[in-house]
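The data block below is work-v4.cif; it holds mmCIF, C-alpha atoms (C1' of nucleotides).
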data_input
#
loop_
_atom_site.label_atom_id
_atom_site.label_comp_id
_atom_site.auth_asym_id
_atom_site.auth_seq_id
_atom_site.Cartn_x
_atom_site.Cartn_y
_atom_site.Cartn_z
CA MET G 1 -88.85 57.17 203.14
CA ALA G 2 -85.84 59.02 204.51
CA ARG G 3 -83.91 55.83 204.91
CA GLU G 4 -81.53 56.26 207.78
CA PHE G 5 -77.95 57.39 207.29
CA GLY G 6 -75.11 54.98 207.77
CA GLU G 7 -73.45 54.53 211.08
CA ASP G 8 -70.30 56.03 209.57
CA ILE G 9 -71.95 59.42 209.16
CA ARG G 10 -73.37 59.28 212.63
CA GLU G 11 -69.93 58.33 213.88
CA LYS G 12 -68.26 61.19 212.07
CA PHE G 13 -70.60 63.61 213.74
CA ARG G 14 -70.00 62.08 217.12
CA ARG G 15 -66.24 62.28 216.77
CA SER G 16 -66.29 65.84 215.47
CA GLY G 17 -68.39 67.21 218.27
CA TYR G 18 -70.90 68.69 215.85
CA THR G 19 -74.54 67.76 216.31
CA LEU G 20 -76.60 66.11 213.63
CA THR G 21 -79.42 68.60 213.57
CA SER G 22 -82.57 68.39 211.50
CA GLN G 23 -81.27 71.00 209.06
CA ARG G 24 -78.05 69.13 208.49
CA ARG G 25 -80.02 65.95 208.04
CA ALA G 26 -82.18 67.76 205.50
CA VAL G 27 -79.10 68.90 203.59
CA LEU G 28 -77.83 65.33 203.48
CA GLU G 29 -81.20 64.11 202.22
CA ALA G 30 -81.26 66.80 199.56
CA LEU G 31 -77.82 65.73 198.40
CA ARG G 32 -78.99 62.14 198.21
CA GLU G 33 -82.15 63.01 196.31
CA THR G 34 -80.69 65.48 193.86
CA PRO G 35 -79.23 63.87 190.79
CA GLY G 36 -76.03 65.29 189.43
CA HIS G 37 -73.87 67.38 191.67
CA PRO G 38 -75.95 70.14 193.17
CA SER G 39 -74.70 73.59 194.04
CA ALA G 40 -75.38 75.15 197.41
CA GLU G 41 -78.36 76.93 195.92
CA ASP G 42 -79.77 73.70 194.47
CA VAL G 43 -79.55 72.15 197.91
CA TYR G 44 -81.16 75.22 199.43
CA LEU G 45 -84.13 75.01 197.06
CA THR G 46 -84.64 71.31 197.73
CA VAL G 47 -84.43 71.72 201.47
CA LYS G 48 -86.79 74.66 201.30
CA LYS G 49 -89.56 72.55 199.81
CA LYS G 50 -89.93 70.65 203.05
CA ASN G 51 -88.96 73.41 205.41
CA PRO G 52 -89.51 76.88 203.90
CA ARG G 53 -87.93 78.59 206.86
CA VAL G 54 -84.34 77.50 206.29
CA ALA G 55 -81.93 80.21 205.23
CA LEU G 56 -79.37 79.97 202.48
CA GLY G 57 -76.66 80.76 205.01
CA THR G 58 -77.66 77.73 207.05
CA VAL G 59 -77.20 75.52 204.02
CA TYR G 60 -73.73 76.94 203.43
CA GLN G 61 -72.86 76.43 207.06
CA ALA G 62 -74.20 72.90 207.04
CA LEU G 63 -72.31 72.05 203.86
CA SER G 64 -69.08 73.37 205.28
CA VAL G 65 -69.55 71.32 208.44
CA LEU G 66 -70.32 68.24 206.37
CA GLU G 67 -67.25 68.85 204.28
CA GLU G 68 -65.08 69.38 207.33
CA ILE G 69 -66.03 66.07 208.89
CA GLY G 70 -65.60 64.27 205.60
CA VAL G 71 -69.18 63.44 204.72
CA VAL G 72 -69.42 65.47 201.55
CA GLU G 73 -66.93 66.67 199.00
CA ALA G 74 -66.80 70.06 197.29
CA LYS G 75 -65.45 70.64 193.83
CA HIS G 76 -64.64 73.95 192.19
CA TRP G 77 -65.09 74.68 188.50
CA ASN G 78 -64.64 77.26 185.86
CA GLU G 79 -67.70 79.44 185.46
CA SER G 80 -69.84 77.48 187.87
CA PRO G 81 -70.55 77.65 191.56
CA THR G 82 -69.05 75.04 193.86
CA ARG G 83 -70.80 71.70 193.63
CA TYR G 84 -71.24 69.13 196.36
CA ASP G 85 -71.19 65.38 196.32
CA LEU G 86 -71.87 62.61 198.81
CA ASN G 87 -69.22 60.51 197.13
CA VAL G 88 -66.08 61.23 199.13
CA GLU G 89 -63.98 58.50 197.54
CA PRO G 90 -61.45 59.85 195.06
CA HIS G 91 -63.27 59.90 191.75
CA LEU G 92 -63.55 61.83 188.53
CA ASP G 93 -66.20 64.42 187.85
CA ILE G 94 -66.63 65.93 184.43
CA ARG G 95 -68.54 69.07 183.57
CA CYS G 96 -69.85 69.97 180.15
CA SER G 97 -68.75 73.50 179.43
CA LYS G 98 -71.73 73.93 177.10
CA CYS G 99 -74.71 72.75 179.16
CA GLY G 100 -73.05 72.83 182.58
CA ASN G 101 -74.11 69.33 183.67
CA VAL G 102 -71.75 67.48 185.93
CA SER G 103 -71.47 63.71 185.99
CA GLU G 104 -68.98 61.09 187.02
CA ILE G 105 -66.49 59.22 184.89
CA PRO G 106 -66.56 55.62 186.03
CA GLY G 107 -63.84 53.08 185.60
CA VAL G 108 -60.75 55.13 186.33
CA GLU G 109 -58.94 54.05 189.44
CA LEU G 110 -57.58 56.92 191.54
CA LYS G 111 -56.68 55.23 194.80
CA ASP G 112 -53.15 54.43 193.63
CA LEU G 113 -52.66 57.98 192.49
CA GLU G 114 -53.59 59.32 195.88
CA ILE G 115 -51.14 56.95 197.53
CA ARG G 116 -48.41 58.08 195.17
CA ILE G 117 -49.25 61.71 195.93
CA ARG G 118 -48.87 61.16 199.64
CA GLU G 119 -45.54 59.50 199.02
CA SER G 120 -44.30 62.35 196.86
CA THR G 121 -44.91 65.30 199.13
CA PRO G 122 -43.92 66.21 202.66
CA TYR G 123 -47.31 67.90 203.09
CA GLU G 124 -49.93 66.29 205.24
CA VAL G 125 -52.52 65.80 202.50
CA THR G 126 -56.08 66.54 203.55
CA ARG G 127 -57.94 66.72 200.27
CA THR G 128 -57.48 65.80 196.65
CA ALA G 129 -59.85 66.62 193.85
CA MET G 130 -59.77 66.12 190.16
CA VAL G 131 -62.00 68.06 187.82
CA VAL G 132 -62.38 67.48 184.11
CA GLU G 133 -64.12 69.69 181.60
CA GLY G 134 -65.28 68.96 178.11
CA ILE G 135 -68.22 68.81 175.74
CA CYS G 136 -70.80 66.14 176.37
CA PRO G 137 -72.03 63.98 173.47
CA ALA G 138 -75.42 65.70 173.38
CA CYS G 139 -73.97 69.20 173.11
CA SER G 140 -71.40 67.98 170.64
CA ALA G 141 -74.14 66.58 168.38
CA GLU G 142 -76.12 69.78 168.71
CA ASN G 143 -73.11 71.71 167.59
CA SER G 144 -72.48 69.71 164.45
CA ARG G 145 -76.16 69.98 163.52
CA ALA G 146 -76.08 73.79 163.79
CA MET H 1 -34.28 91.53 180.07
CA ALA H 2 -37.69 90.45 178.89
CA ARG H 3 -36.27 87.45 177.12
CA GLU H 4 -38.50 86.62 174.20
CA PHE H 5 -41.36 84.14 174.37
CA GLY H 6 -41.17 80.87 172.59
CA GLU H 7 -42.36 80.46 169.04
CA ASP H 8 -45.13 78.20 170.34
CA ILE H 9 -46.80 81.04 172.21
CA ARG H 10 -46.46 83.31 169.23
CA GLU H 11 -47.93 80.56 167.09
CA LYS H 12 -50.87 80.03 169.43
CA PHE H 13 -51.71 83.71 169.18
CA ARG H 14 -51.44 83.65 165.43
CA ARG H 15 -53.73 80.66 165.07
CA SER H 16 -56.30 82.02 167.51
CA GLY H 17 -56.66 85.38 165.80
CA TYR H 18 -55.95 87.21 169.05
CA THR H 19 -53.22 89.79 169.00
CA LEU H 20 -50.20 89.65 171.30
CA THR H 21 -50.54 93.12 172.74
CA SER H 22 -48.17 94.76 175.17
CA GLN H 23 -50.57 94.20 178.06
CA ARG H 24 -50.84 90.50 177.31
CA ARG H 25 -47.08 90.29 177.02
CA ALA H 26 -46.83 92.02 180.38
CA VAL H 27 -49.17 89.50 181.94
CA LEU H 28 -47.06 86.66 180.59
CA GLU H 29 -43.93 88.25 181.96
CA ALA H 30 -45.55 88.74 185.34
CA LEU H 31 -46.50 85.07 185.40
CA ARG H 32 -42.95 84.13 184.57
CA GLU H 33 -41.48 86.40 187.20
CA THR H 34 -43.85 85.64 190.03
CA PRO H 35 -42.89 82.59 192.04
CA GLY H 36 -45.64 80.32 193.18
CA HIS H 37 -48.94 80.45 191.43
CA PRO H 38 -50.18 84.01 191.38
CA SER H 39 -53.78 85.07 191.52
CA ALA H 40 -55.21 87.57 189.06
CA GLU H 41 -54.64 90.30 191.58
CA ASP H 42 -51.01 89.29 192.11
CA VAL H 43 -50.49 89.52 188.38
CA TYR H 44 -52.24 92.86 188.32
CA LEU H 45 -49.96 94.28 190.99
CA THR H 46 -46.84 93.05 189.22
CA VAL H 47 -47.94 94.39 185.87
CA LYS H 48 -48.88 97.67 187.47
CA LYS H 49 -45.33 98.28 188.67
CA LYS H 50 -44.17 98.75 185.11
CA ASN H 51 -47.33 100.20 183.69
CA PRO H 52 -49.50 101.85 186.35
CA ARG H 53 -52.29 102.50 183.92
CA VAL H 54 -53.36 98.89 183.35
CA ALA H 55 -56.75 97.98 184.72
CA LEU H 56 -57.57 94.91 186.75
CA GLY H 57 -60.24 94.05 184.22
CA THR H 58 -57.62 93.99 181.50
CA VAL H 59 -55.59 91.48 183.46
CA TYR H 60 -58.63 89.25 183.84
CA GLN H 61 -59.39 89.53 180.16
CA ALA H 62 -55.79 88.80 179.22
CA LEU H 63 -55.68 85.79 181.49
CA SER H 64 -58.86 84.41 180.02
CA VAL H 65 -57.50 84.84 176.50
CA LEU H 66 -54.26 83.17 177.52
CA GLU H 67 -56.18 80.33 179.06
CA GLU H 68 -58.41 79.95 176.03
CA ILE H 69 -55.50 79.57 173.65
CA GLY H 70 -53.73 77.15 175.95
CA VAL H 71 -50.84 79.27 177.17
CA VAL H 72 -51.76 79.38 180.84
CA GLU H 73 -53.72 77.13 183.13
CA ALA H 74 -56.17 78.16 185.84
CA LYS H 75 -56.84 76.21 188.98
CA HIS H 76 -59.64 76.68 191.45
CA TRP H 77 -59.31 76.15 195.16
CA ASN H 78 -61.15 76.18 198.43
CA GLU H 79 -60.99 79.57 200.10
CA SER H 80 -58.62 81.08 197.58
CA PRO H 81 -58.99 83.00 194.38
CA THR H 82 -58.21 81.29 191.10
CA ARG H 83 -54.51 80.90 190.50
CA TYR H 84 -52.69 80.89 187.20
CA ASP H 85 -49.75 78.93 185.96
CA LEU H 86 -47.58 78.93 182.85
CA ASN H 87 -47.19 75.17 183.20
CA VAL H 88 -49.95 73.75 181.03
CA GLU H 89 -48.75 70.17 181.20
CA PRO H 90 -50.88 67.99 183.49
CA HIS H 91 -49.26 68.31 186.88
CA LEU H 92 -50.06 68.42 190.57
CA ASP H 93 -50.44 71.58 192.56
CA ILE H 94 -50.77 71.53 196.31
CA ARG H 95 -51.97 74.35 198.49
CA CYS H 96 -51.33 74.67 202.21
CA SER H 97 -54.64 75.34 203.86
CA LYS H 98 -52.84 77.13 206.70
CA CYS H 99 -50.53 79.58 204.94
CA GLY H 100 -52.13 79.49 201.51
CA ASN H 101 -48.96 78.91 199.52
CA VAL H 102 -49.25 76.88 196.37
CA SER H 103 -46.45 74.74 194.98
CA GLU H 104 -46.02 71.81 192.70
CA ILE H 105 -45.63 68.16 193.58
CA PRO H 106 -42.95 66.78 191.31
CA GLY H 107 -42.47 63.19 190.34
CA VAL H 108 -46.03 62.04 189.81
CA GLU H 109 -46.80 61.12 186.25
CA LEU H 110 -50.23 62.23 185.06
CA LYS H 111 -50.01 61.78 181.31
CA ASP H 112 -51.23 58.17 181.48
CA LEU H 113 -54.12 59.21 183.65
CA GLU H 114 -55.25 61.78 181.15
CA ILE H 115 -55.12 59.20 178.39
CA ARG H 116 -57.21 56.81 180.46
CA ILE H 117 -59.69 59.58 181.15
CA ARG H 118 -60.15 60.28 177.48
CA GLU H 119 -60.69 56.57 176.88
CA SER H 120 -63.26 56.31 179.63
CA THR H 121 -65.65 59.08 178.65
CA PRO H 122 -67.58 59.95 175.53
CA TYR H 123 -67.01 63.63 176.31
CA GLU H 124 -64.60 65.63 174.25
CA VAL H 125 -62.20 66.50 177.06
CA THR H 126 -60.88 70.05 176.97
CA ARG H 127 -59.35 70.49 180.39
CA THR H 128 -58.21 68.42 183.34
CA ALA H 129 -56.97 69.75 186.62
CA MET H 130 -55.96 68.18 189.85
CA VAL H 131 -55.79 70.12 193.07
CA VAL H 132 -54.44 68.86 196.36
CA GLU H 133 -54.71 70.51 199.73
CA GLY H 134 -52.85 69.85 202.91
CA ILE H 135 -50.61 71.28 205.59
CA CYS H 136 -47.08 72.17 204.57
CA PRO H 137 -44.14 71.06 206.74
CA ALA H 138 -43.51 74.59 208.01
CA CYS H 139 -47.08 75.13 209.19
CA SER H 140 -47.18 71.65 210.59
CA ALA H 141 -44.10 72.33 212.70
CA GLU H 142 -45.49 75.64 213.82
CA ASN H 143 -48.63 73.87 214.99
CA SER H 144 -46.87 71.30 217.10
CA ARG H 145 -44.78 74.03 218.70
CA ALA H 146 -47.88 75.99 219.72
"C1'" DC N 1 -49.47 109.34 155.02
"C1'" DT N 2 -53.96 109.27 156.84
"C1'" DC N 3 -58.40 107.73 157.19
"C1'" DG N 4 -61.53 104.36 158.89
"C1'" DC N 5 -62.47 100.24 161.35
"C1'" DA N 6 -62.16 96.56 164.57
"C1'" DA N 7 -59.91 95.00 168.52
"C1'" DA N 8 -58.26 96.08 172.89
"C1'" DC N 9 -58.05 98.98 176.87
"C1'" DA N 10 -58.98 101.97 181.25
"C1'" DG N 11 -61.91 103.01 184.60
"C1'" DG N 12 -65.48 102.02 187.26
"C1'" DA N 13 -70.02 100.16 188.20
"C1'" DA N 14 -72.52 95.93 188.78
"C1'" DC N 15 -73.05 91.07 189.74
"C1'" DG N 16 -73.14 86.58 192.06
"C1'" DG N 17 -71.51 83.36 195.14
"C1'" DT N 18 -70.11 83.15 199.72
"C1'" DT N 19 -69.25 84.70 204.45
"C1'" DA N 20 -70.06 87.38 208.60
"C1'" DT N 21 -73.12 89.46 211.94
"C1'" DT N 22 -76.81 89.68 215.14
"C1'" DG N 23 -80.47 88.47 217.78
"C1'" DA N 24 -83.72 84.61 218.35
"C1'" DT N 25 -84.33 79.64 219.15
"C1'" DC N 26 -83.44 75.05 220.14
"C1'" DC N 27 -81.61 71.34 223.03
"C1'" DG N 28 -79.04 68.81 226.55
"C1'" DG N 29 -77.68 68.77 231.29
"C1'" DC N 30 -78.81 70.09 235.85
"C1'" DG C 1 -88.45 74.13 234.74
"C1'" DC C 2 -84.06 76.73 234.09
"C1'" DC C 3 -79.31 77.76 232.24
"C1'" DG C 4 -75.79 77.90 228.70
"C1'" DG C 5 -73.79 76.78 224.55
"C1'" DA C 6 -74.66 75.43 219.90
"C1'" DT C 7 -77.41 76.30 216.00
"C1'" DC C 8 -80.38 78.86 213.23
"C1'" DA C 9 -82.93 82.71 210.31
"C1'" DA C 10 -82.53 86.84 208.27
"C1'" DT C 11 -79.98 90.06 206.20
"C1'" DA C 12 -76.04 92.94 205.41
"C1'" DA C 13 -71.42 92.93 203.85
"C1'" DC C 14 -67.56 91.11 201.22
"C1'" DC C 15 -64.63 89.89 197.54
"C1'" DG C 16 -63.43 87.93 193.26
"C1'" DT C 17 -64.93 88.46 188.81
"C1'" DT C 18 -67.55 90.22 184.89
"C1'" DC C 19 -69.79 93.78 182.37
"C1'" DC C 20 -70.37 98.34 180.41
"C1'" DT C 21 -69.02 102.77 178.25
"C1'" DG C 22 -66.26 105.78 176.19
"C1'" DT C 23 -61.40 106.10 174.57
"C1'" DT C 24 -57.23 104.52 172.53
"C1'" DT C 25 -54.51 101.67 169.69
"C1'" DG C 26 -52.95 99.17 165.79
"C1'" DC C 27 -53.57 97.89 161.17
"C1'" DG C 28 -55.17 97.62 156.28
"C1'" DA C 29 -57.09 100.21 152.29
"C1'" DG C 30 -56.96 104.01 149.64
#
Turn this file's structure into structure tokens for me.
Amino acid sequence: MAREFGEDIREKFRRSGYTLTSQRRAVLEALRETPGHPSAEDVYLTVKKKNPRVALGTVYQALSVLEEIGVVEAKHWNESPTRYDLNVEPHLDIRCSKCGNVSEIPGVELKDLEIRIRESTPYEVTRTAMVVEGICPACSAENSRA
Amino acid sequence: MAREFGEDIREKFRRSGYTLTSQRRAVLEALRETPGHPSAEDVYLTVKKKNPRVALGTVYQALSVLEEIGVVEAKHWNESPTRYDLNVEPHLDIRCSKCGNVSEIPGVELKDLEIRIRESTPYEVTRTAMVVEGICPACSAENSRA
DNA sequence: CTCGCAAACAGGAACGGTTATTGATCCGGC
DNA sequence: GCCGGATCAATAACCGTTCCTGTTTGCGAG
């Protein structure tokens, strides 16, 4: 197992000057293995299963390095800790405000939007993120049954 | 001064069952007076100038009521407290990751996107927010001078 | 008018996610 | 094998936000 990471990730580390340490590798693996969009604590718990000595602070530090070099993406929500995602392409994440689950909305193209954004502002854009909240079908059904 | 609020706001309060108290009115006025996109604490400080007895907790509670009934919008950022905005139409906010200022990007239409989102997910969408981060022209210039 | 009740508030303590600190440890280059 | 900088573990501190308690306010019924 532990299929190797793409050359792009390796390359991003090389160019950034950061080293791809075993802990950072473990954080990447945890992100790949954890369905949904894990929080820092979720990642911490997963990593801890294999290496109980890692500290939560290390996970935060690793995540912030990974975000800085463009390997992971962080999204911020109402009433929920920051969640991390290996998908760094512009995409839509939706969070159910009842059960808290986060998933992706497929089929909506955002590339054009990002291009238009860059055209419309004099800022040097470094990050764009779209978050959507709503009620998932399961919670909605539960509600109407109650 | 203190030009009156629109009938729509009044109506939203009426329908929600919440009361439009003087503190909530003061929070709305602070939002209208404060340029940029103030944080809860910014609002608190502004409100406090006129009524020093208001509590920070009251401002938070007022803001959450205002958000719930659709009068203000909250956006969540990297390394910055939540910021509030009277503009509840879908729009783009950009934050400079150097100086922290938040402003709007005009001229990008988001209505269509929101419609497409609703078509592409079985969720009952309650909120969409787009955040953009980058370096503003001023900070960019400052950098190249250094 | 005033009494009673529910909603809202002030003040402050508590909470939770995140960041900073400090000393130990690892790792690459010599 | 040894040195030095980067990274790490452990834990304390921080800061934005929420929660709690007693008090005040506003409003409807009598």
Considering only C-alpha atoms (C1' of nucleotides), state which residue in the set G:Glu29, G:Lys12, G:Leu56, G:His76 is at the smallest distance from DT19 of chain N.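 That would be G:Leu56, the residue with the smallest distance to DT19 of chain N.
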Straight-line distance linking atom CA of His37 of chain H with atom CA of Tyr123 of chain G, stated in Å to one decimal: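 Atom CA of Tyr123 of chain G lies 17.2 Å from atom CA of His37 of chain H.
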Expressed in Å to a single decimal, how great is the separation between atom CA of Ser140 of chain G and atom CA of Arg127 of chain H?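 One can read the atom CA of Ser140 of chain G to atom CA of Arg127 of chain H distance as 15.7 Å.
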Can you superpose chain H onto chain G by least squares over all C-alpha atoms paired in order and give the moved copy as an mmCIF file with C-alpha atoms, in the coordinates of the input?
data_model
loop_
_atom_site.group_PDB
_atom_site.id
_atom_site.type_symbol
_atom_site.label_atom_id
_atom_site.label_comp_id
_atom_site.auth_asym_id
_atom_site.auth_seq_id
_atom_site.Cartn_x
_atom_site.Cartn_y
_atom_site.Cartn_z
ATOM 1 C CA MET H 1 -89.084 57.478 203.385
ATOM 2 C CA ALA H 2 -86.019 59.228 204.701
ATOM 3 C CA ARG H 3 -84.155 55.980 205.050
ATOM 4 C CA GLU H 4 -81.658 56.331 207.848
ATOM 5 C CA PHE H 5 -78.057 57.396 207.340
ATOM 6 C CA GLY H 6 -75.258 54.982 207.821
ATOM 7 C CA GLU H 7 -73.586 54.507 211.162
ATOM 8 C CA ASP H 8 -70.419 55.997 209.672
ATOM 9 C CA ILE H 9 -72.029 59.396 209.219
ATOM 10 C CA ARG H 10 -73.474 59.264 212.690
ATOM 11 C CA GLU H 11 -70.049 58.305 213.974
ATOM 12 C CA LYS H 12 -68.340 61.161 212.150
ATOM 13 C CA PHE H 13 -70.710 63.607 213.797
ATOM 14 C CA ARG H 14 -70.132 62.086 217.187
ATOM 15 C CA ARG H 15 -66.364 62.261 216.891
ATOM 16 C CA SER H 16 -66.383 65.816 215.561
ATOM 17 C CA GLY H 17 -68.513 67.223 218.359
ATOM 18 C CA TYR H 18 -70.971 68.695 215.868
ATOM 19 C CA THR H 19 -74.597 67.824 216.323
ATOM 20 C CA LEU H 20 -76.676 66.145 213.623
ATOM 21 C CA THR H 21 -79.483 68.664 213.550
ATOM 22 C CA SER H 22 -82.611 68.446 211.458
ATOM 23 C CA GLN H 23 -81.296 71.046 209.022
ATOM 24 C CA ARG H 24 -78.077 69.128 208.486
ATOM 25 C CA ARG H 25 -80.057 65.946 208.020
ATOM 26 C CA ALA H 26 -82.187 67.769 205.474
ATOM 27 C CA VAL H 27 -79.114 68.875 203.578
ATOM 28 C CA LEU H 28 -77.857 65.305 203.474
ATOM 29 C CA GLU H 29 -81.195 64.099 202.208
ATOM 30 C CA ALA H 30 -81.256 66.781 199.545
ATOM 31 C CA LEU H 31 -77.812 65.692 198.392
ATOM 32 C CA ARG H 32 -78.993 62.122 198.210
ATOM 33 C CA GLU H 33 -82.129 63.004 196.308
ATOM 34 C CA THR H 34 -80.663 65.459 193.853
ATOM 35 C CA PRO H 35 -79.184 63.836 190.780
ATOM 36 C CA GLY H 36 -75.992 65.251 189.430
ATOM 37 C CA HIS H 37 -73.843 67.334 191.668
ATOM 38 C CA PRO H 38 -75.921 70.104 193.159
ATOM 39 C CA SER H 39 -74.678 73.540 194.028
ATOM 40 C CA ALA H 40 -75.365 75.103 197.409
ATOM 41 C CA GLU H 41 -78.318 76.893 195.926
ATOM 42 C CA ASP H 42 -79.740 73.687 194.451
ATOM 43 C CA VAL H 43 -79.541 72.123 197.879
ATOM 44 C CA TYR H 44 -81.145 75.182 199.392
ATOM 45 C CA LEU H 45 -84.091 75.005 197.019
ATOM 46 C CA THR H 46 -84.619 71.308 197.679
ATOM 47 C CA VAL H 47 -84.419 71.719 201.423
ATOM 48 C CA LYS H 48 -86.754 74.671 201.243
ATOM 49 C CA LYS H 49 -89.533 72.578 199.723
ATOM 50 C CA LYS H 50 -89.929 70.686 202.964
ATOM 51 C CA ASN H 51 -88.965 73.440 205.328
ATOM 52 C CA PRO H 52 -89.488 76.900 203.825
ATOM 53 C CA ARG H 53 -87.923 78.612 206.780
ATOM 54 C CA VAL H 54 -84.341 77.434 206.250
ATOM 55 C CA ALA H 55 -81.891 80.124 205.269
ATOM 56 C CA LEU H 56 -79.359 79.907 202.483
ATOM 57 C CA GLY H 57 -76.653 80.724 204.989
ATOM 58 C CA THR H 58 -77.638 77.693 207.017
ATOM 59 C CA VAL H 59 -77.203 75.480 203.987
ATOM 60 C CA TYR H 60 -73.733 76.886 203.403
ATOM 61 C CA GLN H 61 -72.833 76.377 207.027
ATOM 62 C CA ALA H 62 -74.189 72.836 207.009
ATOM 63 C CA LEU H 63 -72.293 71.995 203.859
ATOM 64 C CA SER H 64 -69.073 73.313 205.298
ATOM 65 C CA VAL H 65 -69.561 71.256 208.453
ATOM 66 C CA LEU H 66 -70.324 68.191 206.368
ATOM 67 C CA GLU H 67 -67.240 68.795 204.307
ATOM 68 C CA GLU H 68 -65.079 69.337 207.362
ATOM 69 C CA ILE H 69 -66.044 66.030 208.914
ATOM 70 C CA GLY H 70 -65.590 64.184 205.648
ATOM 71 C CA VAL H 71 -69.179 63.386 204.746
ATOM 72 C CA VAL H 72 -69.402 65.420 201.561
ATOM 73 C CA GLU H 73 -66.899 66.610 199.018
ATOM 74 C CA ALA H 74 -66.778 69.995 197.305
ATOM 75 C CA LYS H 75 -65.422 70.606 193.855
ATOM 76 C CA HIS H 76 -64.609 73.902 192.232
ATOM 77 C CA TRP H 77 -65.065 74.635 188.570
ATOM 78 C CA ASN H 78 -64.613 77.220 185.888
ATOM 79 C CA GLU H 79 -67.692 79.381 185.488
ATOM 80 C CA SER H 80 -69.808 77.412 187.916
ATOM 81 C CA PRO H 81 -70.521 77.589 191.593
ATOM 82 C CA THR H 82 -69.023 74.988 193.891
ATOM 83 C CA ARG H 83 -70.769 71.656 193.660
ATOM 84 C CA TYR H 84 -71.220 69.087 196.380
ATOM 85 C CA ASP H 85 -71.163 65.343 196.331
ATOM 86 C CA LEU H 86 -71.861 62.566 198.818
ATOM 87 C CA ASN H 87 -69.183 60.470 197.131
ATOM 88 C CA VAL H 88 -66.048 61.196 199.128
ATOM 89 C CA GLU H 89 -63.953 58.489 197.526
ATOM 90 C CA PRO H 90 -61.406 59.849 195.038
ATOM 91 C CA HIS H 91 -63.229 59.883 191.737
ATOM 92 C CA LEU H 92 -63.526 61.828 188.513
ATOM 93 C CA ASP H 93 -66.165 64.409 187.834
ATOM 94 C CA ILE H 94 -66.622 65.921 184.416
ATOM 95 C CA ARG H 95 -68.548 69.043 183.589
ATOM 96 C CA CYS H 96 -69.859 69.965 180.156
ATOM 97 C CA SER H 97 -68.755 73.488 179.447
ATOM 98 C CA LYS H 98 -71.744 73.937 177.128
ATOM 99 C CA CYS H 99 -74.707 72.751 179.190
ATOM 100 C CA GLY H 100 -73.070 72.805 182.603
ATOM 101 C CA ASN H 101 -74.100 69.323 183.681
ATOM 102 C CA VAL H 102 -71.748 67.451 185.937
ATOM 103 C CA SER H 103 -71.440 63.675 185.990
ATOM 104 C CA GLU H 104 -68.958 61.073 187.007
ATOM 105 C CA ILE H 105 -66.464 59.213 184.869
ATOM 106 C CA PRO H 106 -66.525 55.618 186.016
ATOM 107 C CA GLY H 107 -63.791 53.088 185.589
ATOM 108 C CA VAL H 108 -60.703 55.143 186.307
ATOM 109 C CA GLU H 109 -58.872 54.074 189.408
ATOM 110 C CA LEU H 110 -57.524 56.948 191.491
ATOM 111 C CA LYS H 111 -56.608 55.269 194.755
ATOM 112 C CA ASP H 112 -53.074 54.462 193.569
ATOM 113 C CA LEU H 113 -52.603 58.017 192.434
ATOM 114 C CA GLU H 114 -53.514 59.364 195.824
ATOM 115 C CA ILE H 115 -51.044 57.013 197.457
ATOM 116 C CA ARG H 116 -48.314 58.161 195.092
ATOM 117 C CA ILE H 117 -49.179 61.764 195.846
ATOM 118 C CA ARG H 118 -48.788 61.234 199.553
ATOM 119 C CA GLU H 119 -45.431 59.576 198.923
ATOM 120 C CA SER H 120 -44.228 62.415 196.749
ATOM 121 C CA THR H 121 -44.838 65.379 199.027
ATOM 122 C CA PRO H 122 -43.823 66.286 202.543
ATOM 123 C CA TYR H 123 -47.207 67.966 202.992
ATOM 124 C CA GLU H 124 -49.819 66.371 205.157
ATOM 125 C CA VAL H 125 -52.426 65.868 202.444
ATOM 126 C CA THR H 126 -55.986 66.593 203.518
ATOM 127 C CA ARG H 127 -57.857 66.768 200.247
ATOM 128 C CA THR H 128 -57.430 65.820 196.613
ATOM 129 C CA ALA H 129 -59.809 66.629 193.828
ATOM 130 C CA MET H 130 -59.753 66.133 190.131
ATOM 131 C CA VAL H 131 -61.976 68.078 187.801
ATOM 132 C CA VAL H 132 -62.375 67.490 184.095
ATOM 133 C CA GLU H 133 -64.140 69.688 181.604
ATOM 134 C CA GLY H 134 -65.290 68.963 178.117
ATOM 135 C CA ILE H 135 -68.223 68.827 175.744
ATOM 136 C CA CYS H 136 -70.803 66.136 176.371
ATOM 137 C CA PRO H 137 -72.045 63.983 173.471
ATOM 138 C CA ALA H 138 -75.435 65.707 173.405
ATOM 139 C CA CYS H 139 -73.990 69.209 173.131
ATOM 140 C CA SER H 140 -71.440 68.000 170.658
ATOM 141 C CA ALA H 141 -74.166 66.624 168.405
ATOM 142 C CA GLU H 142 -76.174 69.785 168.757
ATOM 143 C CA ASN H 143 -73.154 71.772 167.621
ATOM 144 C CA SER H 144 -72.541 69.793 164.480
ATOM 145 C CA ARG H 145 -76.214 70.067 163.578
ATOM 146 C CA ALA H 146 -76.136 73.863 163.857
#
Would you give me, as a list in words, the residues of chain H that come within 8 Å of chain N, using all atoms listed in the file? Arg53, Val54, Ala55 and Thr58 of chain H
Counting all atoms listed in the file, give me one row per residue of chain C with an atom at most 9 Å from an atom of chain H, showing the shortest contact pair and its distance in Å to one decimal, sorted by chain then residue number, as a tab-separated table.
residue	atom	partner	partner_atom	distance
C:DG16	C1'	H:Pro81	CA	6.7
C:DT17	C1'	H:Tyr60	CA	8.1
C:DT18	C1'	H:Gly57	CA	8.3
Determine which residues of chain H sit within 8 Å of chain G, taking into account all atoms listed in the file, and present them as a PyMOL selection string. chain H and resi 76-78+96+105-108+116-117+120-137
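What separates atom CA of Leu20 of chain G from atom CA of Glu68 of chain G is a distance of 13.5 Å.
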